[in-house]
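Reading through the structure tokens given below for one structure.
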There are 2 protein chains.
Amino acid sequence: MAMLENKHTSVVFEPGSVEVKTSKLKKTDASSPPAELLIVAPEAEGNYPVLLFCHGYCTKNSWYSQLLQHVSSHGYIVVAPQFYQCLLISLNDEIKTAAKVTNWLPAGLAVSLPENVKPDLSRLALMGHSRGGKVAFALALGYAPTSLNFKALLGLDPVSRLSQPGWVEPDILSYVPHSFHLSIPIGIVGTGLSNQTKGIIPPLAPDGFNHSEFFNESKPPCCYFLTKDYGHCDMLNDPNVALASLVCKSGKGSKEKMRRGVGGIVVAFLKAYLGGECEDLESIVATPTIAPISLNSVIHIKE
Amino acid sequence: MAMLENKHTSVVFEPGSVEVKTSKLKKTDASSPPAELLIVAPEAEGNYPVLLFCHGYCTKNSWYSQLLQHVSSHGYIVVAPQFYQCLLISLNDEIKTAAKVTNWLPAGLAVSLPENVKPDLSRLALMGHSRGGKVAFALALGYAPTSLNFKALLGLDPVSRLSQPGWVEPDILSYVPHSFHLSIPIGIVGTGLSNQTKGIIPPLAPDGFNHSEFFNESKPPCCYFLTKDYGHCDMLNDPNVALASLVCKSGKGSKEKMRRGVGGIVVAFLKAYLGGECEDLESIVATPTIAPISLNSVIHIKE
């Protein structure tokens with residue numbers, strides 16, 4: 001019985017049962033998305049919740065394809081815009097682009113998918129990594145207007161700014177606990193090494209501006225998970241982790257486990273808050289060791 | 001009925017029914033305290049819980065006498081050491097002195113009080129303001145050994161360091177939510193203006209090092225109260241607020257109300273966690289407007 005339970009509770013950390021297809025949508029395509037999009041969607045007929053994903057600083061949406069495929073294989077359509085090609089854009093412009101993509105979803109997403117794969121935009125969640133985590137929070141907080149409401153929000157190692165002032169505007173942190181004016185559930189995944197220097201390079205997620213403060217300012221219901229042995233970019237695809245680890249500290253453990261660990265947390269959170277199935281999330285909170293990676297701080301504040 | 005309830009719930013914000021006596025104990029006194037002490041204690045016969053209070057940076061214990069008298073008048077013995085006279089001491093030495101005072105309490109406190117006023121050291125709480133808040137947390141965290149256990153911990157606008165690195169050692173903050181290894185209840189009172197500059201003087205309680213982060217790292221049960229219209233030193237006695245406001249931003253409202261507001265929160269917290277009477281604390285959390293000052297963020301995480 002115990003074994004059966006354990007098997008059940010760790011299912012989110014394994015690839016899901018749904019075959020997925022990964023495709024790119026260009027701005028010149030028929031549905032005219034406001035940015036180039038990476039779309040990862042189940043192939044089987046169905047009505048699926050949607051996750052909008054914002055990539056991090058100087059990264060490409062495709063660098064997250066394995067993580068996003070893990071999530072999608074559990075029955076989610078993931079839409080990941082590419083915010084810039086060669087030149088970086090301002091944070092405010094990035095937030096506006098994320099809003100435009102959100103507003104494009106009702107008319108554009110369904111026609112960009114096979115006819116039998118239907119997006120359920122009444123179950124729409126938002127997620128971002130690093131600077132993209134800040135973009136996601138800013139979008140949820142209304143810094144750019146959207147025609148759809150998000151039902152849940154996830155930050156993967158979100159960062160508000162670098163050690164040296166940069167990306168400051170908009171300054172979404174107030175340093176007051178539970179001060180985000182958001183009533184939707186919030187999940188935060190932090191990495192234990194992201195506040196460390198890499199040689200002479202300052203941390204990409206410095207103390208006071210990282211996952212910990214984002215969690216502190218989140219109202220319940222909110223969850224927090226610290227992947228203590230991993231670094232800021234360790235959830236990217238393997239070749240991209242190798243590149244990123246030139247500028248930020250990387251963990252020694254398997255990155256495949258890290259992607260399954262983070263992906264599993266995301267799936268458990270979405271199942272709980274988009275689908276009302278709380279079992280997996282509660283199992284991780286009760287027994288963090290069911291994850292394939294060490295989680296040394298797991299918090300779930302329900303109310 | 002509503003009026004009666006309201007009257008009941010705000011009683012902690014009014015001076016208590018117990019007459020109190022304020023006295024100073026010198027190091028040369030018979031009981032040989034390890035530091036000069038300000039003692040505020042009820043005069044009526046009784047067995048009272050004890051609160052050890054650590055003053056802030058460059059302040060004197062006597063500057064808090066009105067706040068401490070408010071607390072004591074609700075039935076508490078308050079012991080407030082003076083950590084230095086003219087010269088500042090290192091934080092580590094301040095923590096050691098606080099530990100020595102704690103260890104002195106069993107033999108020294110009772111004999112320093114009238115015979116019929118008895119300290120109940122099985123109900124001992126710890127509180128500090130500003131840098132003294134950090135001292136209190138460090139002491140509770142075991143940075144210096146004590147022979148007594150604290151049953152509850154309160155930080156009044158606690159600060160871990162200034163904007164320019166100073167007071168860094170010991171570095172008690174880790175920037176991980178709920179990471180303080182403390183299972184006792186924690187209460188934090190923050191002030192809304194303490195992260196602001198005063199002219200060219202940097203804030204005394206800068207973002208990332210203040211009340212908000214102390215709360216973030218506290219495990220439940222924990223409470224948070226933000227006195228949004230007041231400054232870092234506005235709970236001192238009036239003449240001392242005037243002096244302090246030369247170097248830190250002060251609120252425009254009545255300081256007498258601020259002392260009653262903070263004092264009332266402290267009393268409600270101590271009643272709940274030293275005495276098991278949770279009504280007043282729950283009333284403040286449910287209806288922050290019963291306080292004489294604006295509390296724009298009141299949080300109580302029970303578990």
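Starting from 1 in every chain, residues are counted up; chains themselves are A, B, ... following the order of the structure tokens, and ligands are numbered from 1 as listed.
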
Chain A contacts to chain B at 12 Å (only C-alpha atoms) as a VMD selection string
chain A and resid 173 to 181 188 to 196 205 to 221 223 to 228 296 to 303

Distance query B:Lys271 at most 10 Å, only C-alpha atoms, self and fewer than 3 positions along chain excluded, as number ranges by chain
B: 12, 49, 74-76, 265-268, 274-281

Residues at most 9 Å from B:Ile293, counting only C-alpha atoms, excluding those fewer than 6 positions away in the same chain, as JSON, numbers by chain?
{"B": [227, 228, 229, 230, 253, 254, 257, 258, 260, 261, 262]}

Just the selected residues (N, CA, C and O atoms), exported as a PDB file, in the first residue's frame, please.
ATOM      1  N   THR B 227       3.217  49.128  10.776  1.00  0.00           N
ATOM      2  CA  THR B 227       2.694  50.430  11.214  1.00  0.00           C
ATOM      3  C   THR B 227       3.057  51.425  10.124  1.00  0.00           C
ATOM      4  O   THR B 227       4.098  52.068  10.170  1.00  0.00           O
ATOM      5  N   LYS B 228       2.156  51.549   9.146  1.00  0.00           N
ATOM      6  CA  LYS B 228       2.600  52.118   7.876  1.00  0.00           C
ATOM      7  C   LYS B 228       2.958  53.596   7.915  1.00  0.00           C
ATOM      8  O   LYS B 228       3.762  54.054   7.121  1.00  0.00           O
ATOM      9  N   ASP B 229       2.393  54.348   8.854  1.00  0.00           N
ATOM     10  CA  ASP B 229       2.608  55.799   8.845  1.00  0.00           C
ATOM     11  C   ASP B 229       3.697  56.256   9.809  1.00  0.00           C
ATOM     12  O   ASP B 229       3.845  57.455  10.044  1.00  0.00           O
ATOM     13  N   TYR B 230       4.429  55.320  10.375  1.00  0.00           N
ATOM     14  CA  TYR B 230       5.413  55.693  11.390  1.00  0.00           C
ATOM     15  C   TYR B 230       6.835  55.298  10.980  1.00  0.00           C
ATOM     16  O   TYR B 230       7.026  54.481  10.079  1.00  0.00           O
ATOM     17  N   GLY B 253       2.031  61.364  12.807  1.00  0.00           N
ATOM     18  CA  GLY B 253       0.997  61.105  13.809  1.00  0.00           C
ATOM     19  C   GLY B 253       1.532  61.137  15.238  1.00  0.00           C
ATOM     20  O   GLY B 253       2.741  61.227  15.476  1.00  0.00           O
ATOM     21  N   SER B 254       0.607  61.049  16.174  1.00  0.00           N
ATOM     22  CA  SER B 254       0.922  61.055  17.606  1.00  0.00           C
ATOM     23  C   SER B 254       1.818  59.879  17.973  1.00  0.00           C
ATOM     24  O   SER B 254       1.521  58.732  17.662  1.00  0.00           O
ATOM     25  N   LYS B 257       0.164  57.517  20.490  1.00  0.00           N
ATOM     26  CA  LYS B 257      -0.653  56.465  19.851  1.00  0.00           C
ATOM     27  C   LYS B 257       0.231  55.337  19.320  1.00  0.00           C
ATOM     28  O   LYS B 257      -0.126  54.168  19.372  1.00  0.00           O
ATOM     29  N   MET B 258       1.384  55.711  18.784  1.00  0.00           N
ATOM     30  CA  MET B 258       2.305  54.695  18.261  1.00  0.00           C
ATOM     31  C   MET B 258       2.783  53.776  19.391  1.00  0.00           C
ATOM     32  O   MET B 258       2.806  52.546  19.248  1.00  0.00           O
ATOM     33  N   ARG B 260       1.233  53.159  22.175  1.00  0.00           N
ATOM     34  CA  ARG B 260       0.104  52.318  22.590  1.00  0.00           C
ATOM     35  C   ARG B 260      -0.177  51.242  21.533  1.00  0.00           C
ATOM     36  O   ARG B 260      -0.549  50.108  21.864  1.00  0.00           O
ATOM     37  N   GLY B 261      -0.007  51.627  20.263  1.00  0.00           N
ATOM     38  CA  GLY B 261      -0.242  50.658  19.189  1.00  0.00           C
ATOM     39  C   GLY B 261       0.748  49.502  19.248  1.00  0.00           C
ATOM     40  O   GLY B 261       0.369  48.326  19.262  1.00  0.00           O
ATOM     41  N   VAL B 262       2.039  49.857  19.319  1.00  0.00           N
ATOM     42  CA  VAL B 262       3.074  48.816  19.378  1.00  0.00           C
ATOM     43  C   VAL B 262       2.969  48.051  20.694  1.00  0.00           C
ATOM     44  O   VAL B 262       3.026  46.806  20.723  1.00  0.00           O
TER      45      VAL B 262
END

Neighbour list for stretch 58-61 of chain A as a PyMOL selection string, cut-off 8 Å, only C-alpha atoms, skip fewer than 2 positions in-chain:
chain A and resi 38+54-56+63-65+80-82+88

Export of prior selection with N, CA, C and O atoms as a compact mmCIF listing (two decimals), in the first residue's frame:
# COMPACT_ATOMS: atom_id res chain seq x y z
N LEU A 38 6.97 29.45 -29.28
CA LEU A 38 7.19 28.01 -29.20
C LEU A 38 5.92 27.44 -28.58
O LEU A 38 5.48 27.92 -27.51
N CYS A 54 7.25 32.67 -19.87
CA CYS A 54 8.16 33.77 -20.21
C CYS A 54 9.61 33.35 -19.94
O CYS A 54 9.97 33.08 -18.79
N HIS A 55 10.42 33.35 -20.98
CA HIS A 55 11.83 32.91 -20.83
C HIS A 55 12.66 33.95 -20.05
O HIS A 55 12.22 35.08 -19.82
N GLY A 56 13.87 33.57 -19.67
CA GLY A 56 14.75 34.43 -18.88
C GLY A 56 15.62 35.34 -19.73
O GLY A 56 15.54 35.35 -20.97
N TRP A 63 15.31 26.90 -25.45
CA TRP A 63 16.25 26.32 -24.48
C TRP A 63 15.52 25.62 -23.33
O TRP A 63 16.14 24.92 -22.53
N TYR A 64 14.22 25.88 -23.24
CA TYR A 64 13.42 25.28 -22.17
C TYR A 64 12.56 24.13 -22.70
O TYR A 64 11.66 23.66 -22.02
N SER A 65 12.80 23.70 -23.94
CA SER A 65 11.84 22.78 -24.57
C SER A 65 11.65 21.49 -23.77
O SER A 65 10.53 20.98 -23.66
N ALA A 80 5.11 29.67 -25.38
CA ALA A 80 6.30 30.38 -24.90
C ALA A 80 6.76 31.39 -25.94
O ALA A 80 7.40 31.02 -26.92
N PRO A 81 6.44 32.67 -25.74
CA PRO A 81 6.90 33.68 -26.70
C PRO A 81 8.42 33.88 -26.64
O PRO A 81 9.04 33.65 -25.59
N GLN A 82 9.01 34.31 -27.75
CA GLN A 82 10.40 34.77 -27.77
C GLN A 82 10.35 36.29 -27.74
O GLN A 82 9.87 36.92 -28.67
N LEU A 88 18.20 43.00 -26.82
CA LEU A 88 17.31 42.96 -25.66
C LEU A 88 16.32 44.11 -25.75
O LEU A 88 16.61 45.14 -26.33

Members of stretch 53-158 of chain B assigned alpha helix (DSSP H) by DSSP, as an mmCIF file with C-alpha atoms, in the first residue's frame:
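What follows is the written file part_28.cif:
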data_model
loop_
_atom_site.group_PDB
_atom_site.id
_atom_site.type_symbol
_atom_site.label_atom_id
_atom_site.label_comp_id
_atom_site.auth_asym_id
_atom_site.auth_seq_id
_atom_site.Cartn_x
_atom_site.Cartn_y
_atom_site.Cartn_z
ATOM 1 C CA SER B 65 10.418 53.392 29.307
ATOM 2 C CA GLN B 66 6.920 54.479 28.246
ATOM 3 C CA LEU B 67 6.539 51.608 25.790
ATOM 4 C CA LEU B 68 7.844 49.132 28.367
ATOM 5 C CA GLN B 69 5.579 50.567 31.086
ATOM 6 C CA HIS B 70 2.608 50.018 28.790
ATOM 7 C CA VAL B 71 3.575 46.369 28.409
ATOM 8 C CA SER B 72 4.322 45.905 32.115
ATOM 9 C CA LEU B 91 27.328 42.833 17.833
ATOM 10 C CA ASN B 92 28.863 39.583 18.989
ATOM 11 C CA ASP B 93 29.716 41.152 22.351
ATOM 12 C CA GLU B 94 26.205 42.568 22.591
ATOM 13 C CA ILE B 95 24.763 39.097 22.037
ATOM 14 C CA LYS B 96 27.095 37.662 24.681
ATOM 15 C CA THR B 97 26.002 40.333 27.154
ATOM 16 C CA ALA B 98 22.354 39.558 26.426
ATOM 17 C CA ALA B 99 23.114 35.888 27.139
ATOM 18 C CA LYS B 100 24.816 36.781 30.420
ATOM 19 C CA VAL B 101 21.784 38.809 31.477
ATOM 20 C CA THR B 102 19.550 35.852 30.590
ATOM 21 C CA ASN B 103 21.701 33.534 32.661
ATOM 22 C CA TRP B 104 21.651 36.002 35.557
ATOM 23 C CA LEU B 105 17.829 36.041 35.697
ATOM 24 C CA PRO B 106 17.219 32.849 37.779
ATOM 25 C CA ALA B 107 19.476 33.936 40.638
ATOM 26 C CA GLY B 108 19.324 37.701 40.268
ATOM 27 C CA ARG B 131 19.829 46.363 15.907
ATOM 28 C CA GLY B 132 18.532 45.042 19.248
ATOM 29 C CA GLY B 133 16.003 43.047 17.213
ATOM 30 C CA LYS B 134 18.902 41.307 15.522
ATOM 31 C CA VAL B 135 20.499 40.727 18.933
ATOM 32 C CA ALA B 136 17.241 39.145 20.127
ATOM 33 C CA PHE B 137 16.999 36.853 17.091
ATOM 34 C CA ALA B 138 20.680 35.906 17.347
ATOM 35 C CA LEU B 139 20.260 35.096 21.029
ATOM 36 C CA ALA B 140 17.179 32.962 20.357
#

Check stretch 53-157 of chain A with DSSP on the backbone and list each residue it calls strand (DSSP E or B), as a PyMOL selection string.
chain A and resi 53-54+77-81+117-129+152-156

Nearest residue to B:Ser160 from the set B:Cys233, B:Ser245, B:Tyr57, B:Leu109 (distances using only C-alpha atoms)
B:Tyr57

Using only C-alpha atoms, which protein or nucleic acid residues come within 7 Å of A:Ile39? Drop anything in the same chain fewer than 5 positions from it, and give the result as a ChimeraX atom specification.
/A:22-24,78-80

Would you save the residues from that selection as an mmCIF file, in the first residue's frame, using N, CA, C and O atoms?
data_model
loop_
_atom_site.group_PDB
_atom_site.id
_atom_site.type_symbol
_atom_site.label_atom_id
_atom_site.label_comp_id
_atom_site.auth_asym_id
_atom_site.auth_seq_id
_atom_site.Cartn_x
_atom_site.Cartn_y
_atom_site.Cartn_z
ATOM 1 N N THR A 22 6.056 19.678 -30.478
ATOM 2 C CA THR A 22 6.661 20.995 -30.261
ATOM 3 C C THR A 22 6.769 21.694 -31.604
ATOM 4 O O THR A 22 7.311 21.127 -32.559
ATOM 5 N N SER A 23 6.240 22.904 -31.683
ATOM 6 C CA SER A 23 6.303 23.608 -32.958
ATOM 7 C C SER A 23 6.579 25.088 -32.754
ATOM 8 O O SER A 23 6.427 25.618 -31.648
ATOM 9 N N LYS A 24 7.015 25.738 -33.814
ATOM 10 C CA LYS A 24 7.270 27.183 -33.758
ATOM 11 C C LYS A 24 6.236 27.895 -34.593
ATOM 12 O O LYS A 24 5.870 27.437 -35.685
ATOM 13 N N VAL A 78 1.453 24.500 -23.730
ATOM 14 C CA VAL A 78 2.371 25.555 -23.286
ATOM 15 C C VAL A 78 2.672 26.495 -24.452
ATOM 16 O O VAL A 78 3.006 26.040 -25.555
ATOM 17 N N VAL A 79 2.538 27.785 -24.191
ATOM 18 C CA VAL A 79 2.841 28.810 -25.196
ATOM 19 C C VAL A 79 3.985 29.661 -24.651
ATOM 20 O O VAL A 79 3.849 30.272 -23.588
ATOM 21 N N ALA A 80 5.114 29.672 -25.379
ATOM 22 C CA ALA A 80 6.302 30.383 -24.901
ATOM 23 C C ALA A 80 6.762 31.394 -25.938
ATOM 24 O O ALA A 80 7.397 31.022 -26.924
#

A:Ile186 surroundings by only C-alpha atoms, 6 Å radius, close-in-sequence under 4 positions cut, as JSON, numbers by chain
{"A": [153, 154, 222]}

Two-atom distance - atom CA of A:Ser112, atom CA of A:Ser73 (Å)
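Going from atom CA of A:Ser112 over to atom CA of A:Ser73, I get 18.6 Å.
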
Which residue out of B:Ile284, B:Thr197, B:Leu141, B:Gly187 has the minimum interatomic distance to B:Pro158 when only C-alpha atoms are used?
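Nearest candidate to B:Pro158 out of B:Ile284, B:Thr197, B:Leu141, B:Gly187: B:Gly187.
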
Pick from A:Val50, A:Ser183, A:Asn237, A:Val111 nearest to A:Leu148, counting only C-alpha atoms:
A:Val50

At what distance in Å, to one decimal, does atom CA of B:Gly16 lie from atom CA of B:Pro42?
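For atom CA of B:Pro42 relative to atom CA of B:Gly16, the distance reads 10.3 Å.
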
Contacts of B:Leu246 at 10 Å or less, counting only C-alpha atoms, minus same-chain residues fewer than 3 places along, as number ranges by chain?
B: 198-199, 201, 241-243, 249-250
